Amino acid sequence: MQFEVFTLLPEVFPSYLDTSILKRARERGLIDVRLHNIREYTHDRHHTMDDMPYGGGGGMVLKPEPVFEAIESVLGGAADSSACPIILLTPQGRVFNQSIAAELSQLPRIALLCGRYEGIDERIRRHLITDEISIGDYVLTGGELPALILIDAITRLLPDVLGDPTGAEDDSHAMGLLEYPHYTRPPDFRGWMVPNVLLSGDHGKIEKWRREQALERTYLKRPDMLEKVDLSESDRDFLQKLRSETKGH
């Protein structure tokens with residue numbers, strides 16, 4: 001998969017892209033992250049990227065000319081949004097989640113525009129951008145961190161990226177629930193024991209325990225998520241029992 005990242009700060013990205021899973025995915029040719037410095041598409045000697053907003057007000061606004069030129073020179077003047085969406089990272093966008101990550105992971109190429117300053121010229125949003133994504137209801141200095149979050153979350157879903165082919169399926173949110181607890185050696189640490197079921201070797205019991213732990217964690221921490229999960233009869237029975245137990249405390 002190919003990521004085209006348009007930013008004023010390309011130096012932010014290499015340290016994260018050159019570590020762990022993303023580094024291995026790049027080395028194996030599973031992803032290609034191309035960084036494009038928008039400042040290189042200016043034509044004045046000061047490489048001016050921003051200007052004062054019409055109508056007054058605080059802050060500076062990202063100019064349209066270099067952004068259009070940068071994206072159009074890389075993607076072409078008539079980019080196909082179905083094959084390569086042009087995504088603006090902005091608090092005004094749809095809130096990023098696992099479903100959106102899965103949706104975008106099916107595409108061969110996506111473009112990410114990292115905003116800066118007070119905002120962008122509205123003509124960029126209206127006539128160039130094809131999608132807008134937010135990573136949450138808070139404001140950051142720029143879109144570089146959100147872009148890295150999208151790259152990371154999407155890359156994990158690509159075939160052959162994770163060592164465990166089912167690893168992404170068990171992650172929190174991937175199955176619609178928060179993830180179950182994990183344990184490793186030693187079995188006894190400071191008197192805190194690994195649950196016996198995980199040492200039993202009975203894979204049926206282990207899977208049942210993990211499912212119930214995921215249900216319990218989701219019920220206690222993110223009950224809103226349960227409204228969207230396809231629950232089995234045994235899931236509903238377990239949750240009903242859990243509700244009865246928690247009401248008594």
# chains A, B, ... in the order shown; residues from 1 in each chain; ligands from 1
$ closest_atom_pairs --of "range 68-143 of chain A" --to "range 5-11 of chain A" --cutoff "8 Å" --atoms "only C-alpha atoms" --output "CSV"
residue,atom,partner,partner_atom,distance
A:Ala70,CA,A:Phe6,CA,7.6
A:Ile71,CA,A:Phe6,CA,7.5
A:Ala111,CA,A:Val5,CA,5.8
A:Leu112,CA,A:Val5,CA,4.8
A:Leu113,CA,A:Phe6,CA,4.9
A:Cys114,CA,A:Thr7,CA,5.2
A:Gly115,CA,A:Thr7,CA,7.4
A:Arg116,CA,A:Leu8,CA,7.9
$ write_last_selection --atoms "N, CA and C atoms" --output "CSV table (one decimal), in the first residue's frame"
chain,number,residue,atom,x,y,z
A,70,ALA,N,1.4,20.9,-5.0
A,70,ALA,CA,2.0,19.7,-4.4
A,70,ALA,C,1.2,18.5,-4.7
A,71,ILE,N,-0.1,18.5,-4.4
A,71,ILE,CA,-0.9,17.3,-4.5
A,71,ILE,C,-1.2,17.0,-6.0
A,111,ALA,N,-3.8,9.6,0.1
A,111,ALA,CA,-3.0,10.8,0.3
A,111,ALA,C,-3.5,11.4,1.6
A,112,LEU,N,-2.5,11.9,2.4
A,112,LEU,CA,-2.8,12.5,3.7
A,112,LEU,C,-2.2,13.9,3.7
A,113,LEU,N,-3.1,14.9,3.9
A,113,LEU,CA,-2.7,16.3,4.0
A,113,LEU,C,-2.7,16.7,5.5
A,114,CYS,N,-1.5,17.1,6.0
A,114,CYS,CA,-1.3,17.5,7.3
A,114,CYS,C,-1.5,19.1,7.4
A,115,GLY,N,-2.5,19.5,8.1
A,115,GLY,CA,-2.8,20.9,8.3
A,115,GLY,C,-1.8,21.5,9.2
A,116,ARG,N,-1.7,22.8,9.2
A,116,ARG,CA,-0.9,23.6,10.1
A,116,ARG,C,-1.5,25.0,10.3
$ closest_residue --among "A:Leu35, A:Leu17, A:Ile206, A:Ile133" --to "Ile100 in chain A" --atoms "only C-alpha atoms"
A:Ile133
$ residues_around --residues "range 230-244 of chain A" --least-positions-apart "5" --cutoff "8 Å" --atoms "only C-alpha atoms" --output "VMD selection string"
chain A and resid 212 215 to 216 219
$ closest_residue --among "A:Gly119, A:Leu22, A:Arg125, A:His43" --to "Gly57 in chain A" --atoms "only C-alpha atoms"
A:Gly119
$ select_by_dssp --residues "range 72-143 of chain A" --states "helix (DSSP H, G or I)" --output "MDAnalysis selection string"
chainID A and resid 72:75 98:105 122:127
